[in-house]
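Notes follow once the structure below has been shown.
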Amino acid sequence: MRFGRPAAALLALFALAGTTGCGRVAEPDVVLWHAYRGAEAEALVEVVHAFEERHPEVVVEVVPVPYQAYANKLTSGVPRGNGPDVFLFAQERIGAWADAGILHALEPTQHRAVLEALPGGVVDACRYDGELWGLPVATKTTALFYRSDRLDELGAEPPETTDDLVALAARFTDASAGRFGLVYPVGDFYFHSGWFFGFGGTLSDADGTPRLDAPSNANSFAFVADLLNERRVVPRDCDYGVAKDLFARGDALFAVNGPWFLGELGDDVPFGVVPLPRISATNTPASPFVTVESVLVSSQAARSPEALAAATLLADFIAGPESSVIRAERGGQVVADRTAALSAREPAASAAFGAAAAAGTPMPNAPEMTAIWEPLNRALDQTLRGSRTAEAALVDADADLRRALAPPPPPTSPLPYEVAFGLVLVAAAGLAVRRSRRTALLARMRTSRLAYLYVAPAAIASGLLIFLPFIVGASLSLYAHEQGEFSFVGFANFLNILLARDFGLTHPQSFYFTLVVTVAWTAANVVLHVSIGLALALALRDSWVRLRGVYRVLLIVPWAVPNYITALIWKSMFNFSFGSINGVLRWLGATPVDWFSKWSTAFAANVATNTWLGFPFMMVVSLGALQSIPRDLEDAAEVDGASRWQRFRHITLPLLRPALVPAVVLGTVWTFNMFNIIYLVSGGGPDASTDILITEAYRWAFERGERYGYAAAYGVLIFGVLLIYTWATSGRRATELTDG
Amino acid sequence: MASVSLSGVHKRFGDTHVVRGVDLDIADGEFLVLVGSSGCGKSTLLRMLAGLEQPSSGSIAIGGRVVNDVAPRDRDIAMVFQSYALYPHMTVRENMGFGLKVRGAAAPEIDAAVADAARVLDIVHLLDRKPKEMSGGQRQRVAMGRALVRKPKVFLFDEPLSNLDASLRGQMRVELKRLHAKLGVTTVYVTHDQVEAMTLADRIALLDKGVVQQVGTPAELYDWPANRFTARFLGSPGMNFVEAELRDGRVFAPGVDVPVVAELLAEGTTDGPVWIGVRPHDLRLEVGGAAGAIEAEVDVLEPMGWETHAHLRVGDARWTARFDAADAASLTPRGRVRCSVAPRSARLFARDDERALYRAPGPT
Amino acid sequence: MDDGQQTVSWGRQLARQALLIAVSAVTLYPVLWVVKLAVSPQASMGGGFNPLPTGFTLAHFERVLTARDTLGNLLFPIQLANSLTVSIATTLVGIVLSTTAGYAFSRFDFPGKDAGMKAFLVTQMFPGVVMAVPLYILMDELGLLNSMAGLTLVYSTTSVPFSVWMLKGYFDTIPRDLEEAALVDGASQWTIFTRVILPLATPAIVVTGLFSFMTAWNEFILAATFLSGERHMTLPTVLYGYVDENSTDWAPFAAGAILVSLPVMALFFVLQRHLVGGLTAGGVKG
């Protein structure tokens, strides 16, 4: 009866959500995924409409997918038939996906007309292992944006060479007025790539094996380090947001950025785009990475000849001339199709990007190349910070890459493991039976039927949706993953991690170093969460405090705003040049701090952010717990002459403990696995030294050559550490937790 | 209304044996008080009657029906808790009506029953309040009202007055007695307070260490305690004792010489070590020179106005006597004093098992 | 009874106000930035000190609110309905699962009680990295992929352990007398649970309910993985879509974040009385 009305309302809501979800008329023949936004997305929809007019027999469903979730959805969805038939993505993943069986190879003869309209280099970027896997749709590369108004003020033309660029930038720069000659995310190798290849850098040996420490690679690193640290034409700690802001305000003369930047700049910003200047030192053009946005057919489309035919038809159309014109005109894309490029919305900019792409370096699509980013970015960061020379940093980067790409441990026979596992199971079962006999377990269980009935729903749900996936996921730790294949390797992953075989004990990426950081991180956060939360709860407790209802709500706000966005806001607050925290320090006359250049300050920045996010929860828990403490006890202690601190220490705190302990234990566990803050605020830097175990696990799975087994072993170890923690502390807590 | 009977009831919690074989028959309409010091098992016994605990062995019957396996709701009992256990989120009206409501009674029926009970307890004006808006005495009445509403066969009270102040407790005692006289419902009442036991009970069952020491009317227990424990428990100040020797029809101890009343002496009693016990008001001060039965030294005098409590040393034992204020005027601390005791008012107990050696004279 | 009529020296009042204003300012500073990004015509994440908007426009909100799918249907109301459905359902399912379990852990003594409590804690230790793919496969096998019901189940199970622990702690403080009184009054186990225990645990249920609601309301990673198609998305997932490989569309992202936060703020405001009001005085104390 009591639950009658809410239950009915719930059913109604479900029904509503159900019907709104079923607005589709017919089952689509082709599902098309993309991660476009704004004009590009609208243009794509128009392209699909045009296709449907041309081929009324094919029904297309266009599904926008958030970029961040795209790759995961694809790799999980396609093998199970939940993915797209056709999708758009940069060509850089083609190798990995082809290996994993996500893609369906294209037959070049079926697309001859389309392919002929495309530059050959662009088409080659979509080839892997001798097959064609996608059709190029658009190119994305970086070019030089300039403020035409500022350039006019200097009476100059866009620079042709890096010497021109540096000279103009130096003339414009006035750090005290917050004006800088050149802005772009200097620590990001993607934006750096134009210099890198222009200076003769190379990412692989002559035979194609990845190699990062070629002697010529250091030149561009030194070039940018000079711009940043000696000439200071680039602001320190320049990230994407800072660059965009300075350029949009007119406080930056040049910016290195991609075609998407066109849409981000307002109509009132006077700017022009040219390809990146020639490198004066080598007299070769800058050659930035070119990603080729491609239309790909998934292996899911091969479920039937009809589906495959429809998918191929759609892919061909999307890459074709009619579509290219729409995408260039309406979507402002830098289309790959040479003739269609002429009808671009902003022809000058498009031409500049087209020229930049022609001079660029195609983004490699081999699976092992996905592992180059982390070591390269780290080496770049080290060089720019001046903590090491470019050469030394690149040698380390190469070693890191080699570790990430190391061949998996040799496969072993699972038989001994299965036998051992079986024996352990039998022994455990035997022990359980013996114990149950001794304690009359069955009889006691029979009398507790009611209790089990109450616990059952929660237990079954947790077992099915938490334990089962974890066990399955954890079992992956006994396997190694390479190019879409899993092989059984036993405990090799664990041994490599625990014996610190890949890294020395004190290396920031070793398990033990990361564990110490994780423990410090957890301890610092939990202490701050609890003490701040409790202090505020106490401050808000007295009924004489005016406006306490208002404060109560205001102080919970951090909990209400999605933490993804506030984490990024905090990161920008810690920015060296433009962050508000350094702003306050400067205002106070103190030296600004380069937060992410040192372990201690980067760690502090992470902790500050997470403290801000986490204290409201503890405050709410404390407020609730404080209610259950009778005020008389504290009054009695006050009469007894206890000071305010003594009252808190000896009366309030002990009485709060039972209510706080579960929150603290859970808070510890959550903080231990708090991925978002580390990943978004410090990004693990400097030198991966602020990474915690969970971000390491993530990197092994997704940023270091898809070593899923290794990552799963990390996951199991995280679980083990937490288990030991609770086991070690449960003796002390047992009475509080399990008794009343 | 119903009789209640317990036979051979034991209760163990793990290794502790809380109730050790209780046999008790409570007549229909009787007011029985279970009294004893804390931890004697009286509350456990009551909770077993209510069905909140299961006896480890033995049987409990209400109205002739064995209820060992009957849930509390089907025993047709009502219970008043020491903490009152009023539902904090319900008004008085809802609190009182809850029992009927969960049994599926119709709303008008519930209203009428609640109104009746409220009138009886004079809490009509409180019906729409919540428990936290009432004083302790008012909550107590509501707790009783909740028990009353259902017109159960048996009332169970678990120290219902112990959270009240002294004067309120006195009032409520009278009220309880009036209520029982009016309703005549079988009542089992647990208390540690001997005054409540003496004033309220038709019969008292005195418990110690999980064993019933004696069952009887208040007067029986007071006048003819079955053992030294009962004698000591009832009465304030308590009965005076000294280790003595029964020899040749007299009882001797240092300073004590009292003749035995042979007709009261239990059969088979032989000479030997005994306890002699005398209630304080049975000691008479011998002002003249007449030879007294008991010689003592005065320790402290407590004049009460109408009488004086004299704390005495009799041999090694400390005794208390209640003397007339006028008689006691001549006493001084450290002085010696002589008392007499009517032989029939002295009590003898065996030294070994402390059972009473005097038996109440049968009705003749 | 202590209600707001207690008097206190104005110096103390002032000191307390100063403390709370300072803490609130630090707390709200980053939030003001979100507001700035959302309402300024041209703000960006480039830092600076001033958190106050540099202009005012509702264009970003309009963009979020009036987004349409390929058929021209307004998406926001549908996605809001999705979010509300999932969050409310998660809260209700979470409360049903956790109050029953929490009650059993508080009141019954049964074999496996200790292990059960610990097992609930243990679930919180499983790193999501390891579980995501198996969970996806499981949901697919159960036919719950891309459905509100599936997401509800996953969310409520993730929030249950916390709720069970909190509720168990709270149930422990409710005197057993009350249940015994109800037992003698003739109530069944279930009646006692629903009519006596649950009403008394309101403050704890509100806190844990709020927690469940927030878990579901703000989650986007699992939602983005399990749900497909704009009409099935929840609001945070839509926000997630404004984040790109190289750039983030901050203005609509921030505007969306505010739209997502507003209902939660409203909920806080409505519930804050319950969070603090409470039934712990009076009768329960006895």
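Chain labels A, B, ... are given in the sequence in which chains occur in the structure tokens; within each chain residues are numbered consecutively from 1, and ligands are likewise numbered from 1 in the order shown.
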- Message: Set the cut-off to 6 Å and count only C-alpha atoms: what are the residues of chain B that reach chain C? Output as number ranges by chain.
- Response: B: 72-73, 83, 85, 88, 99, 102, 131-132
Hey, can you spit out that residue selection with N, CA and C atoms as a PDB file, in the first residue's frame?
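Writing the result to again_2.pdb gives the following:
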```pdb
ATOM      1  N   PRO B  72       3.729 -13.592  19.263  1.00  0.00           N
ATOM      2  CA  PRO B  72       3.195 -12.612  20.217  1.00  0.00           C
ATOM      3  C   PRO B  72       1.816 -12.107  19.815  1.00  0.00           C
ATOM      4  N   ARG B  73       1.648 -11.866  18.515  1.00  0.00           N
ATOM      5  CA  ARG B  73       0.390 -11.256  18.091  1.00  0.00           C
ATOM      6  C   ARG B  73      -0.799 -12.158  18.349  1.00  0.00           C
ATOM      7  N   SER B  83      10.639   1.676  28.515  1.00  0.00           N
ATOM      8  CA  SER B  83      10.890   2.903  27.745  1.00  0.00           C
ATOM      9  C   SER B  83       9.612   3.414  27.105  1.00  0.00           C
ATOM     10  N   ALA B  85       8.243   2.657  24.608  1.00  0.00           N
ATOM     11  CA  ALA B  85       8.265   2.207  23.213  1.00  0.00           C
ATOM     12  C   ALA B  85       7.101   2.758  22.414  1.00  0.00           C
ATOM     13  N   PRO B  88       7.548   6.990  17.604  1.00  0.00           N
ATOM     14  CA  PRO B  88       7.780   8.446  17.617  1.00  0.00           C
ATOM     15  C   PRO B  88       7.106   9.165  16.457  1.00  0.00           C
ATOM     16  N   GLY B  99      -2.324  -1.316  17.188  1.00  0.00           N
ATOM     17  CA  GLY B  99      -2.554  -2.753  17.393  1.00  0.00           C
ATOM     18  C   GLY B  99      -3.845  -3.217  16.747  1.00  0.00           C
ATOM     19  N   VAL B 102      -3.424  -2.996  12.701  1.00  0.00           N
ATOM     20  CA  VAL B 102      -2.698  -4.078  12.032  1.00  0.00           C
ATOM     21  C   VAL B 102      -3.457  -5.388  12.114  1.00  0.00           C
ATOM     22  N   PRO B 131       4.664  11.671  20.588  1.00  0.00           N
ATOM     23  CA  PRO B 131       5.328  11.315  21.847  1.00  0.00           C
ATOM     24  C   PRO B 131       6.294  12.383  22.340  1.00  0.00           C
ATOM     25  N   LYS B 132       7.045  13.007  21.408  1.00  0.00           N
ATOM     26  CA  LYS B 132       8.066  13.929  21.902  1.00  0.00           C
ATOM     27  C   LYS B 132       7.460  15.206  22.455  1.00  0.00           C
TER      28      LYS B 132
END
```
- Extract, using only C-alpha atoms, all DNA, RNA and protein residues at most 7 Å from Val489 of chain A, discarding same-chain residues fewer than 3 positions from it, and format them as a ChimeraX atom specification. /A:409-412,478-480,492
- Message: Report as a list of chain:residue names all protein, DNA and RNA residues lying within 12 Å of Asp124 of chain A, evaluated on only C-alpha atoms, omitting residues in the same chain fewer than 2 positions from it.
- Response: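 Final neighbour list, sorted by chain and number: A:Gln91, A:Glu92, A:Ile94, A:Pro108, A:Leu115, A:Leu118, A:Pro119, A:Gly120, A:Gly121, A:Val122, A:Cys126, A:Arg127, A:Tyr128, A:Asp129, A:Gly130, A:Glu131, A:Leu132, A:Trp133, A:Gly134, A:Leu135, A:Pro136, A:Thr291, A:Val292, A:Ser294, A:Thr361, A:Pro362, A:Met363, A:Pro364, A:Asn365.
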- Message: Run DSSP on the backbone and tell me which residues of segment 106-268 of chain B come out as strand (DSSP E); list them as JSON, numbers by chain.
- Response: {"B": [154, 155, 156, 157, 158, 186, 187, 188, 189, 190, 191, 203, 204, 205, 206, 207, 208, 211, 212, 213, 214, 215, 216, 240, 241, 242, 243, 244, 245, 246, 247, 250, 251, 252, 253, 256, 257, 258, 259]}
- Message: If we count only C-alpha atoms and set the cut-off at 9 Å, which residues sit around Leu165 of chain A, ignoring sequence neighbours fewer than 5 positions away in its own chain? Please answer as a list of chain:residue names.
- Response: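 The filter keeps A:Pro158, A:Pro159, A:Glu160, A:Ala170, A:Gly181, A:Leu182, A:Phe254, A:Pro277.
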- Would you kindly return, as a PyMOL selection string, each protein, DNA or RNA residue with an atom no farther than 9 Å from any atom of segment 112-124 of chain B, considering only C-alpha atoms and excluding same-chain residues fewer than 5 positions away? chain B and resi 93-94+96-97+100+107+138+141-142+144-146+148-151+175+179
- Message: Just want the 6 Å neighbourhood of segment 109-126 of chain C, counted on only C-alpha atoms, with same-chain residues fewer than 2 positions away dropped. Output as a PyMOL selection string.
- Response: (chain A and resi 448+719) or (chain C and resi 161)
Output N, CA, C and O atoms for every residue in that selection, as a compact mmCIF listing (two decimals), in the first residue's frame.
```txt
# COMPACT_ATOMS: atom_id res chain seq x y z
N SER A 448 17.03 -19.01 9.80
CA SER A 448 17.25 -17.60 9.40
C SER A 448 16.63 -17.31 8.05
O SER A 448 17.05 -16.39 7.37
N PHE A 719 42.42 -4.61 -6.34
CA PHE A 719 41.43 -5.27 -5.50
C PHE A 719 42.11 -5.93 -4.30
O PHE A 719 41.67 -5.81 -3.16
N PRO C 161 25.69 -0.91 -1.88
CA PRO C 161 26.58 -1.17 -0.73
C PRO C 161 26.66 0.01 0.23
O PRO C 161 26.51 -0.16 1.44
```
- Query: C:Thr99, C:Asn50, C:Thr57, C:Gln79: which is nearest Glu230 of chain C, counting only C-alpha atoms?
  - Reply: C:Gln79
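In this structure, atom CA of Arg345 of chain A sits 25.8 Å away from atom CA of Tyr190 of chain A.
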All residues 12 Å or closer to segment 68-70 of chain B, only C-alpha atoms, same chain fewer than 4 positions away omitted, as an mmCIF file with all heavy atoms, in the first residue's frame:
```cif
data_model
loop_
_atom_site.group_PDB
_atom_site.id
_atom_site.type_symbol
_atom_site.label_atom_id
_atom_site.label_comp_id
_atom_site.auth_asym_id
_atom_site.auth_seq_id
_atom_site.Cartn_x
_atom_site.Cartn_y
_atom_site.Cartn_z
ATOM 1 N N SER B 5 0.117 -20.027 33.098
ATOM 2 C CA SER B 5 0.878 -20.982 33.885
ATOM 3 C C SER B 5 2.193 -21.317 33.199
ATOM 4 O O SER B 5 2.249 -21.507 31.992
ATOM 5 C CB SER B 5 0.020 -22.214 34.169
ATOM 6 O OG SER B 5 0.504 -23.306 33.465
ATOM 7 N N LEU B 6 3.241 -21.330 34.038
ATOM 8 C CA LEU B 6 4.555 -21.691 33.541
ATOM 9 C C LEU B 6 4.975 -22.954 34.229
ATOM 10 O O LEU B 6 4.772 -23.094 35.438
ATOM 11 C CB LEU B 6 5.583 -20.600 33.851
ATOM 12 C CG LEU B 6 5.349 -19.226 33.229
ATOM 13 C CD1 LEU B 6 4.632 -18.318 34.201
ATOM 14 C CD2 LEU B 6 6.664 -18.632 32.802
ATOM 15 N N SER B 7 5.545 -23.890 33.468
ATOM 16 C CA SER B 7 6.061 -25.057 34.164
ATOM 17 C C SER B 7 7.406 -25.473 33.605
ATOM 18 O O SER B 7 7.574 -25.625 32.398
ATOM 19 C CB SER B 7 5.051 -26.206 34.102
ATOM 20 O OG SER B 7 4.906 -26.627 32.788
ATOM 21 N N VAL B 9 10.147 -23.842 33.231
ATOM 22 C CA VAL B 9 10.681 -22.969 32.189
ATOM 23 C C VAL B 9 12.150 -22.642 32.454
ATOM 24 O O VAL B 9 12.523 -22.199 33.531
ATOM 25 C CB VAL B 9 9.865 -21.668 32.095
ATOM 26 C CG1 VAL B 9 10.530 -20.692 31.139
ATOM 27 C CG2 VAL B 9 8.443 -21.974 31.652
ATOM 28 N N ARG B 47 9.365 -11.508 29.063
ATOM 29 C CA ARG B 47 9.486 -11.507 27.602
ATOM 30 C C ARG B 47 9.118 -12.871 27.017
ATOM 31 O O ARG B 47 8.636 -12.956 25.890
ATOM 32 C CB ARG B 47 10.901 -11.097 27.192
ATOM 33 C CG ARG B 47 11.192 -9.619 27.513
ATOM 34 C CD ARG B 47 12.665 -9.298 27.428
ATOM 35 N NE ARG B 47 13.199 -9.583 26.094
ATOM 36 C CZ ARG B 47 13.047 -8.765 25.060
ATOM 37 N NH1 ARG B 47 12.428 -7.622 25.220
ATOM 38 N NH2 ARG B 47 13.525 -9.082 23.888
ATOM 39 N N MET B 48 9.352 -13.923 27.826
ATOM 40 C CA MET B 48 8.933 -15.245 27.341
ATOM 41 C C MET B 48 7.413 -15.344 27.359
ATOM 42 O O MET B 48 6.802 -15.948 26.475
ATOM 43 C CB MET B 48 9.573 -16.345 28.188
ATOM 44 C CG MET B 48 11.055 -16.522 27.875
ATOM 45 S SD MET B 48 11.769 -18.022 28.530
ATOM 46 C CE MET B 48 11.971 -17.577 30.228
ATOM 47 N N LEU B 49 6.804 -14.722 28.365
ATOM 48 C CA LEU B 49 5.341 -14.696 28.393
ATOM 49 C C LEU B 49 4.808 -13.945 27.170
ATOM 50 O O LEU B 49 3.804 -14.326 26.573
ATOM 51 C CB LEU B 49 4.857 -13.990 29.663
ATOM 52 C CG LEU B 49 4.826 -14.815 30.940
ATOM 53 C CD1 LEU B 49 4.346 -13.956 32.101
ATOM 54 C CD2 LEU B 49 3.864 -15.988 30.743
ATOM 55 N N ALA B 50 5.503 -12.862 26.818
ATOM 56 C CA ALA B 50 5.044 -12.046 25.687
ATOM 57 C C ALA B 50 5.304 -12.732 24.362
ATOM 58 O O ALA B 50 4.690 -12.392 23.356
ATOM 59 C CB ALA B 50 5.744 -10.697 25.710
ATOM 60 N N GLY B 51 6.241 -13.675 24.373
ATOM 61 C CA GLY B 51 6.592 -14.326 23.117
ATOM 62 C C GLY B 51 7.767 -13.661 22.433
ATOM 63 O O GLY B 51 8.089 -13.972 21.296
ATOM 64 N N LEU B 52 8.424 -12.727 23.114
ATOM 65 C CA LEU B 52 9.579 -12.055 22.527
ATOM 66 C C LEU B 52 10.833 -12.910 22.664
ATOM 67 O O LEU B 52 11.808 -12.692 21.979
ATOM 68 C CB LEU B 52 9.798 -10.694 23.194
ATOM 69 C CG LEU B 52 8.642 -9.716 22.996
ATOM 70 C CD1 LEU B 52 8.841 -8.468 23.838
ATOM 71 C CD2 LEU B 52 8.500 -9.343 21.526
ATOM 72 N N GLU B 53 10.805 -13.867 23.602
ATOM 73 C CA GLU B 53 11.884 -14.844 23.718
ATOM 74 C C GLU B 53 11.249 -16.229 23.729
ATOM 75 O O GLU B 53 10.118 -16.387 24.188
ATOM 76 C CB GLU B 53 12.680 -14.660 25.008
ATOM 77 C CG GLU B 53 13.241 -13.281 25.243
ATOM 78 C CD GLU B 53 14.492 -13.015 24.451
ATOM 79 O OE1 GLU B 53 14.938 -13.932 23.720
ATOM 80 O OE2 GLU B 53 15.011 -11.887 24.540
ATOM 81 N N GLN B 54 12.011 -17.192 23.229
ATOM 82 C CA GLN B 54 11.540 -18.576 23.289
ATOM 83 C C GLN B 54 12.152 -19.261 24.511
ATOM 84 O O GLN B 54 13.363 -19.146 24.707
ATOM 85 C CB GLN B 54 11.990 -19.342 22.037
ATOM 86 C CG GLN B 54 11.305 -18.890 20.779
ATOM 87 C CD GLN B 54 9.813 -19.081 20.832
ATOM 88 O OE1 GLN B 54 9.341 -20.164 21.150
ATOM 89 N NE2 GLN B 54 9.061 -18.019 20.561
ATOM 90 N N PRO B 55 11.364 -19.963 25.318
ATOM 91 C CA PRO B 55 11.981 -20.706 26.417
ATOM 92 C C PRO B 55 12.871 -21.811 25.855
ATOM 93 O O PRO B 55 12.560 -22.400 24.830
ATOM 94 C CB PRO B 55 10.791 -21.289 27.188
ATOM 95 C CG PRO B 55 9.622 -21.157 26.281
ATOM 96 C CD PRO B 55 9.916 -20.079 25.293
ATOM 97 N N SER B 56 13.999 -22.056 26.546
ATOM 98 C CA SER B 56 14.877 -23.134 26.090
ATOM 99 C C SER B 56 14.234 -24.483 26.370
ATOM 100 O O SER B 56 14.419 -25.437 25.637
ATOM 101 C CB SER B 56 16.231 -23.053 26.796
ATOM 102 O OG SER B 56 16.788 -21.780 26.601
ATOM 103 N N SER B 57 13.509 -24.552 27.482
ATOM 104 C CA SER B 57 12.701 -25.750 27.730
ATOM 105 C C SER B 57 11.577 -25.359 28.671
ATOM 106 O O SER B 57 11.567 -24.257 29.215
ATOM 107 C CB SER B 57 13.562 -26.866 28.329
ATOM 108 O OG SER B 57 14.070 -26.450 29.567
ATOM 109 N N GLY B 58 10.634 -26.269 28.861
ATOM 110 C CA GLY B 58 9.478 -25.975 29.693
ATOM 111 C C GLY B 58 8.338 -25.458 28.848
ATOM 112 O O GLY B 58 8.484 -25.293 27.629
ATOM 113 N N SER B 59 7.213 -25.230 29.509
ATOM 114 C CA SER B 59 6.083 -24.765 28.712
ATOM 115 C C SER B 59 5.389 -23.593 29.381
ATOM 116 O O SER B 59 5.427 -23.412 30.587
ATOM 117 C CB SER B 59 5.091 -25.912 28.479
ATOM 118 O OG SER B 59 4.333 -26.110 29.643
ATOM 119 N N ILE B 60 4.783 -22.801 28.522
ATOM 120 C CA ILE B 60 4.052 -21.620 28.976
ATOM 121 C C ILE B 60 2.647 -21.742 28.423
ATOM 122 O O ILE B 60 2.451 -22.030 27.242
ATOM 123 C CB ILE B 60 4.714 -20.346 28.431
ATOM 124 C CG1 ILE B 60 6.120 -20.199 28.998
ATOM 125 C CG2 ILE B 60 3.863 -19.123 28.756
ATOM 126 C CD1 ILE B 60 6.921 -19.069 28.394
ATOM 127 N N ALA B 61 1.658 -21.559 29.307
ATOM 128 C CA ALA B 61 0.283 -21.639 28.841
ATOM 129 C C ALA B 61 -0.461 -20.381 29.241
ATOM 130 O O ALA B 61 -0.259 -19.833 30.324
ATOM 131 C CB ALA B 61 -0.409 -22.873 29.428
ATOM 132 N N ILE B 62 -1.280 -19.915 28.327
ATOM 133 C CA ILE B 62 -2.142 -18.769 28.626
ATOM 134 C C ILE B 62 -3.567 -19.216 28.363
ATOM 135 O O ILE B 62 -3.880 -19.696 27.274
ATOM 136 C CB ILE B 62 -1.791 -17.564 27.738
ATOM 137 C CG1 ILE B 62 -0.374 -17.080 28.054
ATOM 138 C CG2 ILE B 62 -2.804 -16.441 27.961
ATOM 139 C CD1 ILE B 62 0.112 -15.952 27.169
ATOM 140 N N ASP B 74 -0.534 -13.467 18.437
ATOM 141 C CA ASP B 74 -1.655 -14.396 18.623
ATOM 142 C C ASP B 74 -1.826 -14.837 20.070
ATOM 143 O O ASP B 74 -2.598 -15.746 20.357
ATOM 144 C CB ASP B 74 -1.457 -15.623 17.717
ATOM 145 C CG ASP B 74 -1.381 -15.213 16.256
ATOM 146 O OD1 ASP B 74 -2.127 -14.286 15.884
ATOM 147 O OD2 ASP B 74 -0.559 -15.775 15.512
ATOM 148 N N ARG B 75 -1.111 -14.199 20.972
ATOM 149 C CA ARG B 75 -1.225 -14.619 22.368
ATOM 150 C C ARG B 75 -2.281 -13.817 23.109
ATOM 151 O O ARG B 75 -2.586 -14.093 24.268
ATOM 152 C CB ARG B 75 0.120 -14.450 23.080
ATOM 153 C CG ARG B 75 1.175 -15.401 22.558
ATOM 154 C CD ARG B 75 2.401 -15.400 23.437
ATOM 155 N NE ARG B 75 3.374 -16.333 22.865
ATOM 156 C CZ ARG B 75 4.438 -16.786 23.509
ATOM 157 N NH1 ARG B 75 4.676 -16.400 24.757
ATOM 158 N NH2 ARG B 75 5.251 -17.620 22.933
ATOM 159 N N ASP B 76 -2.764 -12.765 22.468
ATOM 160 C CA ASP B 76 -3.754 -11.906 23.080
ATOM 161 C C ASP B 76 -3.255 -11.315 24.404
ATOM 162 O O ASP B 76 -3.884 -11.438 25.446
ATOM 163 C CB ASP B 76 -5.072 -12.672 23.292
ATOM 164 C CG ASP B 76 -6.245 -11.700 23.266
ATOM 165 O OD1 ASP B 76 -5.995 -10.479 23.143
ATOM 166 O OD2 ASP B 76 -7.387 -12.162 23.372
ATOM 167 N N ILE B 77 -2.128 -10.716 24.333
ATOM 168 C CA ILE B 77 -1.534 -10.066 25.485
ATOM 169 C C ILE B 77 -1.234 -8.631 25.100
ATOM 170 O O ILE B 77 -1.211 -8.286 23.924
ATOM 171 C CB ILE B 77 -0.199 -10.740 25.868
ATOM 172 C CG1 ILE B 77 0.619 -10.949 24.584
ATOM 173 C CG2 ILE B 77 -0.415 -12.027 26.611
ATOM 174 C CD1 ILE B 77 2.050 -10.955 24.772
ATOM 175 N N LEU C 183 5.388 -5.960 17.751
ATOM 176 C CA LEU C 183 5.176 -7.410 17.691
ATOM 177 C C LEU C 183 4.036 -7.798 18.623
ATOM 178 O O LEU C 183 3.137 -8.556 18.269
ATOM 179 C CB LEU C 183 6.473 -8.096 18.127
ATOM 180 C CG LEU C 183 6.829 -9.430 17.506
ATOM 181 C CD1 LEU C 183 6.857 -9.313 16.002
ATOM 182 C CD2 LEU C 183 8.192 -9.878 18.021
ATOM 183 N N VAL C 184 4.079 -7.245 19.831
ATOM 184 C CA VAL C 184 3.029 -7.536 20.800
ATOM 185 C C VAL C 184 1.701 -6.932 20.337
ATOM 186 O O VAL C 184 0.646 -7.506 20.515
ATOM 187 C CB VAL C 184 3.432 -6.983 22.181
ATOM 188 C CG1 VAL C 184 2.285 -7.139 23.162
ATOM 189 C CG2 VAL C 184 4.656 -7.710 22.694
ATOM 190 N N GLY C 186 0.733 -6.938 17.554
ATOM 191 C CA GLY C 186 0.149 -7.839 16.570
ATOM 192 C C GLY C 186 0.624 -7.586 15.156
ATOM 193 O O GLY C 186 0.046 -8.096 14.207
#
```
- Item | For Thr217 of chain B, the nearest of the candidates B:Phe31, B:Ala71, B:Phe81, B:Ala326, counting only C-alpha atoms | B:Phe31
